[in-house]
>>> print(open('data.cif').read())   # mmCIF, C-alpha atoms; chains and numbers go by the auth columns
data_entry
#
loop_
_atom_site.group_PDB
_atom_site.id
_atom_site.type_symbol
_atom_site.label_atom_id
_atom_site.label_comp_id
_atom_site.label_asym_id
_atom_site.label_seq_id
_atom_site.Cartn_x
_atom_site.Cartn_y
_atom_site.Cartn_z
_atom_site.B_iso_or_equiv
_atom_site.auth_seq_id
_atom_site.auth_asym_id
ATOM 1 C CA MET A 1 50.598 -20.585 -74.169 0.00 1 D
ATOM 2 C CA LYS A 2 52.594 -19.633 -77.207 0.00 2 D
ATOM 3 C CA HIS A 3 51.524 -17.181 -79.881 0.00 3 D
ATOM 4 C CA ASP A 4 53.241 -15.433 -82.759 0.00 4 D
ATOM 5 C CA ALA A 5 53.101 -11.862 -84.078 0.00 5 D
ATOM 6 C CA THR A 6 49.945 -12.623 -86.063 0.00 6 D
ATOM 7 C CA SER A 7 48.105 -14.069 -83.085 0.00 7 D
ATOM 8 C CA PRO A 8 44.600 -12.706 -82.508 0.00 8 D
ATOM 9 C CA ILE A 9 45.108 -12.971 -78.729 0.00 9 D
ATOM 10 C CA PRO A 10 46.055 -9.287 -78.145 0.00 10 D
ATOM 11 C CA ARG A 11 43.021 -8.047 -80.084 0.00 11 D
ATOM 12 C CA ILE A 12 40.694 -10.547 -78.421 0.00 12 D
ATOM 13 C CA THR A 13 42.036 -9.521 -75.016 0.00 13 D
ATOM 14 C CA ALA A 14 41.478 -5.824 -75.727 0.00 14 D
ATOM 15 C CA ASP A 15 37.960 -6.463 -77.053 0.00 15 D
ATOM 16 C CA PHE A 16 37.161 -8.628 -74.026 0.00 16 D
ATOM 17 C CA ILE A 17 38.326 -5.955 -71.595 0.00 17 D
ATOM 18 C CA THR A 18 36.346 -3.272 -73.433 0.00 18 D
ATOM 19 C CA ALA A 19 33.176 -5.378 -73.571 0.00 19 D
ATOM 20 C CA THR A 20 33.256 -6.463 -69.943 0.00 20 D
ATOM 21 C CA SER A 21 33.971 -2.920 -68.802 0.00 21 D
ATOM 22 C CA ALA A 22 31.084 -1.440 -70.789 0.00 22 D
ATOM 23 C CA ILE A 23 28.646 -4.083 -69.587 0.00 23 D
ATOM 24 C CA ALA A 24 29.883 -3.978 -65.979 0.00 24 D
ATOM 25 C CA ASP A 25 29.426 -0.206 -65.916 0.00 25 D
ATOM 26 C CA LEU A 26 25.683 -0.813 -66.204 0.00 26 D
ATOM 27 C CA ALA A 27 25.673 -2.318 -62.718 0.00 27 D
ATOM 28 C CA THR A 28 26.547 1.045 -61.187 0.00 28 D
ATOM 29 C CA ALA A 29 24.928 3.244 -63.825 0.00 29 D
ATOM 30 C CA PRO A 30 22.177 5.669 -62.895 0.00 30 D
ATOM 31 C CA LEU A 31 18.656 4.333 -63.197 0.00 31 D
ATOM 32 C CA ARG A 32 17.978 6.547 -66.236 0.00 32 D
ATOM 33 C CA GLN A 33 20.874 4.922 -68.106 0.00 33 D
ATOM 34 C CA LYS A 34 19.725 1.422 -67.173 0.00 34 D
ATOM 35 C CA CYS A 35 16.210 2.250 -68.336 0.00 35 D
ATOM 36 C CA ALA A 36 17.580 3.539 -71.651 0.00 36 D
ATOM 37 C CA VAL A 37 19.342 0.235 -72.269 0.00 37 D
ATOM 38 C CA ILE A 38 16.244 -1.742 -71.288 0.00 38 D
ATOM 39 C CA GLN A 39 14.116 0.343 -73.650 0.00 39 D
ATOM 40 C CA ARG A 40 16.561 -0.186 -76.520 0.00 40 D
ATOM 41 C CA ILE A 41 16.472 -3.940 -75.926 0.00 41 D
ATOM 42 C CA ALA A 42 12.665 -3.895 -75.833 0.00 42 D
ATOM 43 C CA ASP A 43 12.587 -1.843 -79.054 0.00 43 D
ATOM 44 C CA ARG A 44 14.479 -4.668 -80.739 0.00 44 D
ATOM 45 C CA GLY A 45 11.862 -7.161 -79.562 0.00 45 D
ATOM 46 C CA LEU A 46 14.496 -9.343 -77.926 0.00 46 D
ATOM 47 C CA GLN A 47 15.291 -10.748 -74.528 0.00 47 D
ATOM 48 C CA VAL A 48 18.660 -9.949 -72.951 0.00 48 D
ATOM 49 C CA ASP A 49 19.925 -13.511 -73.423 0.00 49 D
ATOM 50 C CA GLU A 50 19.187 -13.272 -77.160 0.00 50 D
ATOM 51 C CA LEU A 51 21.696 -10.449 -77.593 0.00 51 D
ATOM 52 C CA THR A 52 25.299 -11.053 -78.501 0.00 52 D
ATOM 53 C CA VAL A 53 27.958 -9.623 -76.224 0.00 53 D
ATOM 54 C CA GLY A 54 28.753 -7.124 -78.962 0.00 54 D
ATOM 55 C CA GLU A 55 25.136 -5.997 -79.203 0.00 55 D
ATOM 56 C CA LEU A 56 24.819 -5.583 -75.448 0.00 56 D
ATOM 57 C CA MET A 57 28.107 -3.711 -75.318 0.00 57 D
ATOM 58 C CA GLN A 58 26.964 -1.374 -78.098 0.00 58 D
ATOM 59 C CA LEU A 59 23.688 -0.668 -76.329 0.00 59 D
ATOM 60 C CA ALA A 60 25.534 0.045 -73.085 0.00 60 D
ATOM 61 C CA LEU A 61 27.899 2.440 -74.838 0.00 61 D
ATOM 62 C CA GLU A 62 25.067 4.207 -76.670 0.00 62 D
ATOM 63 C CA ALA A 63 23.222 4.798 -73.392 0.00 63 D
ATOM 64 C CA ARG A 64 26.160 6.504 -71.712 0.00 64 D
ATOM 65 C CA PRO A 65 25.583 10.188 -71.004 0.00 65 D
#
>>> encode(input="data.cif", output="structure tokens")
Amino acid sequence: MKHDATSPIPRITADFITATSAIADLATAPLRQKCAVIQRIADRGLQVDELTVGELMQLALEARP
């Protein structure tokens, strides 16, 4: 895989790592934090699979203590 200095790969990689980390942290988060994320999703009137990765990541980050 070859990429030049203007390649988006480094940024995409960093964003991917950040997103997966934030979302994965929910698995071990305290129940209160999980409930906060669930409530925020419900407030939007959406199902989890209707959220983008970015939206889910943002909700996870907002619910952190």
>>> resolve_selection(input="data.cif", expression="the PyMOL selection byres ((chain D and resi 52-55) around 10)", output="ChimeraX atom specification")
/D:15-16,19-20,23,41,48-51,56-61
>>> write_last_selection(input="data.cif", atoms="C-alpha atoms", output="short mmCIF file (atom, residue, chain, number, x, y, z; two decimals), in the frame of the given file")
data_model
loop_
_atom_site.label_atom_id
_atom_site.label_comp_id
_atom_site.auth_asym_id
_atom_site.auth_seq_id
_atom_site.Cartn_x
_atom_site.Cartn_y
_atom_site.Cartn_z
CA ASP D 15 37.96 -6.46 -77.05
CA PHE D 16 37.16 -8.63 -74.03
CA ALA D 19 33.18 -5.38 -73.57
CA THR D 20 33.26 -6.46 -69.94
CA ILE D 23 28.65 -4.08 -69.59
CA ILE D 41 16.47 -3.94 -75.93
CA VAL D 48 18.66 -9.95 -72.95
CA ASP D 49 19.92 -13.51 -73.42
CA GLU D 50 19.19 -13.27 -77.16
CA LEU D 51 21.70 -10.45 -77.59
CA LEU D 56 24.82 -5.58 -75.45
CA MET D 57 28.11 -3.71 -75.32
CA GLN D 58 26.96 -1.37 -78.10
CA LEU D 59 23.69 -0.67 -76.33
CA ALA D 60 25.53 0.04 -73.08
CA LEU D 61 27.90 2.44 -74.84
#
>>> residues_around(input="data.cif", residues="stretch 26-36 of chain D", least_positions_apart="5", cutoff="8 Å", atoms="only C-alpha atoms", output="number ranges by chain")
D: 60, 63-65
>>> atom_distance(input="data.cif", atom1="atom CA of D:Asp25", atom2="atom CA of D:Ile38")
14.3 Å
>>> atom_distance(input="data.cif", atom1="atom CA of D:Glu62", atom2="atom CA of D:Thr13")
21.9 Å
>>> atom_distance(input="data.cif", atom1="atom CA of D:Ala42", atom2="atom CA of D:Ala24")
19.8 Å
>>> axis_aligned_box(input="data.cif", around="stretch 23-31 of chain D", padding_each_side="8 Å", output="AutoDock Vina command-line options")
--center_x 24.3 --center_y 0.8 --center_z -65.4 --size_x 27.2 --size_y 25.8 --size_z 24.4
>>> decode(input="data.cif", residues="stretch 50-63 of chain D", atoms="all heavy atoms", output="mmCIF file, in the first residue's frame")
data_model
loop_
_atom_site.group_PDB
_atom_site.id
_atom_site.type_symbol
_atom_site.label_atom_id
_atom_site.label_comp_id
_atom_site.auth_asym_id
_atom_site.auth_seq_id
_atom_site.Cartn_x
_atom_site.Cartn_y
_atom_site.Cartn_z
ATOM 1 N N GLU D 50 -29.199 3.192 13.561
ATOM 2 C CA GLU D 50 -29.466 4.357 12.720
ATOM 3 C C GLU D 50 -28.443 5.469 12.934
ATOM 4 O O GLU D 50 -28.398 6.438 12.181
ATOM 5 C CB GLU D 50 -30.866 4.912 13.007
ATOM 6 C CG GLU D 50 -31.975 3.963 12.632
ATOM 7 C CD GLU D 50 -33.340 4.445 13.054
ATOM 8 O OE1 GLU D 50 -33.495 4.933 14.197
ATOM 9 O OE2 GLU D 50 -34.260 4.342 12.229
ATOM 10 N N LEU D 51 -27.616 5.319 13.957
ATOM 11 C CA LEU D 51 -26.588 6.316 14.245
ATOM 12 C C LEU D 51 -25.359 6.089 13.379
ATOM 13 O O LEU D 51 -25.018 4.952 13.068
ATOM 14 C CB LEU D 51 -26.155 6.235 15.713
ATOM 15 C CG LEU D 51 -27.218 6.527 16.767
ATOM 16 C CD1 LEU D 51 -26.679 6.165 18.138
ATOM 17 C CD2 LEU D 51 -27.635 7.976 16.718
ATOM 18 N N THR D 52 -24.686 7.160 13.037
ATOM 19 C CA THR D 52 -23.390 7.011 12.385
ATOM 20 C C THR D 52 -22.360 6.680 13.461
ATOM 21 O O THR D 52 -22.615 6.876 14.658
ATOM 22 C CB THR D 52 -22.954 8.303 11.663
ATOM 23 O OG1 THR D 52 -22.725 9.320 12.657
ATOM 24 C CG2 THR D 52 -24.001 8.769 10.657
ATOM 25 N N VAL D 53 -21.222 6.214 13.042
ATOM 26 C CA VAL D 53 -20.141 5.944 13.998
ATOM 27 C C VAL D 53 -19.778 7.233 14.718
ATOM 28 O O VAL D 53 -19.575 7.239 15.937
ATOM 29 C CB VAL D 53 -18.908 5.344 13.288
ATOM 30 C CG1 VAL D 53 -17.726 5.261 14.231
ATOM 31 C CG2 VAL D 53 -19.237 3.980 12.718
ATOM 32 N N GLY D 54 -19.729 8.323 13.982
ATOM 33 C CA GLY D 54 -19.395 9.614 14.585
ATOM 34 C C GLY D 54 -20.402 10.037 15.635
ATOM 35 O O GLY D 54 -20.034 10.563 16.694
ATOM 36 N N GLU D 55 -21.684 9.823 15.363
ATOM 37 C CA GLU D 55 -22.716 10.172 16.339
ATOM 38 C C GLU D 55 -22.605 9.315 17.592
ATOM 39 O O GLU D 55 -22.700 9.833 18.712
ATOM 40 C CB GLU D 55 -24.112 10.012 15.726
ATOM 41 C CG GLU D 55 -24.437 11.036 14.663
ATOM 42 C CD GLU D 55 -25.704 10.717 13.907
ATOM 43 O OE1 GLU D 55 -25.988 9.524 13.663
ATOM 44 O OE2 GLU D 55 -26.418 11.677 13.554
ATOM 45 N N LEU D 56 -22.404 8.024 17.416
ATOM 46 C CA LEU D 56 -22.263 7.137 18.564
ATOM 47 C C LEU D 56 -21.014 7.481 19.366
ATOM 48 O O LEU D 56 -21.039 7.510 20.601
ATOM 49 C CB LEU D 56 -22.230 5.676 18.113
ATOM 50 C CG LEU D 56 -22.220 4.629 19.222
ATOM 51 C CD1 LEU D 56 -23.379 4.819 20.188
ATOM 52 C CD2 LEU D 56 -22.251 3.233 18.621
ATOM 53 N N MET D 57 -19.928 7.779 18.688
ATOM 54 C CA MET D 57 -18.712 8.177 19.362
ATOM 55 C C MET D 57 -18.943 9.450 20.179
ATOM 56 O O MET D 57 -18.537 9.547 21.341
ATOM 57 C CB MET D 57 -17.576 8.410 18.369
ATOM 58 C CG MET D 57 -16.263 8.813 19.035
ATOM 59 S SD MET D 57 -14.971 9.232 17.865
ATOM 60 C CE MET D 57 -15.492 10.849 17.369
ATOM 61 N N GLN D 58 -19.608 10.426 19.586
ATOM 62 C CA GLN D 58 -19.875 11.683 20.286
ATOM 63 C C GLN D 58 -20.726 11.455 21.522
ATOM 64 O O GLN D 58 -20.455 12.011 22.596
ATOM 65 C CB GLN D 58 -20.564 12.684 19.354
ATOM 66 C CG GLN D 58 -20.721 14.055 19.948
ATOM 67 C CD GLN D 58 -19.399 14.701 20.287
ATOM 68 O OE1 GLN D 58 -18.411 14.588 19.557
ATOM 69 N NE2 GLN D 58 -19.343 15.370 21.424
ATOM 70 N N LEU D 59 -21.747 10.633 21.403
ATOM 71 C CA LEU D 59 -22.583 10.321 22.561
ATOM 72 C C LEU D 59 -21.778 9.624 23.655
ATOM 73 O O LEU D 59 -21.947 9.924 24.851
ATOM 74 C CB LEU D 59 -23.767 9.450 22.137
ATOM 75 C CG LEU D 59 -24.812 10.131 21.272
ATOM 76 C CD1 LEU D 59 -25.789 9.113 20.715
ATOM 77 C CD2 LEU D 59 -25.545 11.216 22.041
ATOM 78 N N ALA D 60 -20.924 8.714 23.269
ATOM 79 C CA ALA D 60 -20.079 8.009 24.242
ATOM 80 C C ALA D 60 -19.149 8.980 24.956
ATOM 81 O O ALA D 60 -18.981 8.915 26.180
ATOM 82 C CB ALA D 60 -19.281 6.913 23.555
ATOM 83 N N LEU D 61 -18.564 9.898 24.210
ATOM 84 C CA LEU D 61 -17.660 10.876 24.813
ATOM 85 C C LEU D 61 -18.400 11.840 25.726
ATOM 86 O O LEU D 61 -17.907 12.203 26.796
ATOM 87 C CB LEU D 61 -16.909 11.641 23.728
ATOM 88 C CG LEU D 61 -15.902 10.836 22.909
ATOM 89 C CD1 LEU D 61 -15.357 11.672 21.753
ATOM 90 C CD2 LEU D 61 -14.781 10.323 23.781
ATOM 91 N N GLU D 62 -19.589 12.240 25.328
ATOM 92 C CA GLU D 62 -20.389 13.174 26.142
ATOM 93 C C GLU D 62 -20.821 12.532 27.461
ATOM 94 O O GLU D 62 -21.004 13.241 28.452
ATOM 95 C CB GLU D 62 -21.613 13.627 25.374
ATOM 96 C CG GLU D 62 -21.318 14.566 24.240
ATOM 97 C CD GLU D 62 -22.539 14.841 23.356
ATOM 98 O OE1 GLU D 62 -23.643 14.369 23.685
ATOM 99 O OE2 GLU D 62 -22.371 15.541 22.354
ATOM 100 N N ALA D 63 -20.994 11.234 27.471
ATOM 101 C CA ALA D 63 -21.464 10.545 28.679
ATOM 102 C C ALA D 63 -20.349 10.218 29.654
ATOM 103 O O ALA D 63 -20.616 9.789 30.776
ATOM 104 C CB ALA D 63 -22.194 9.261 28.292
#
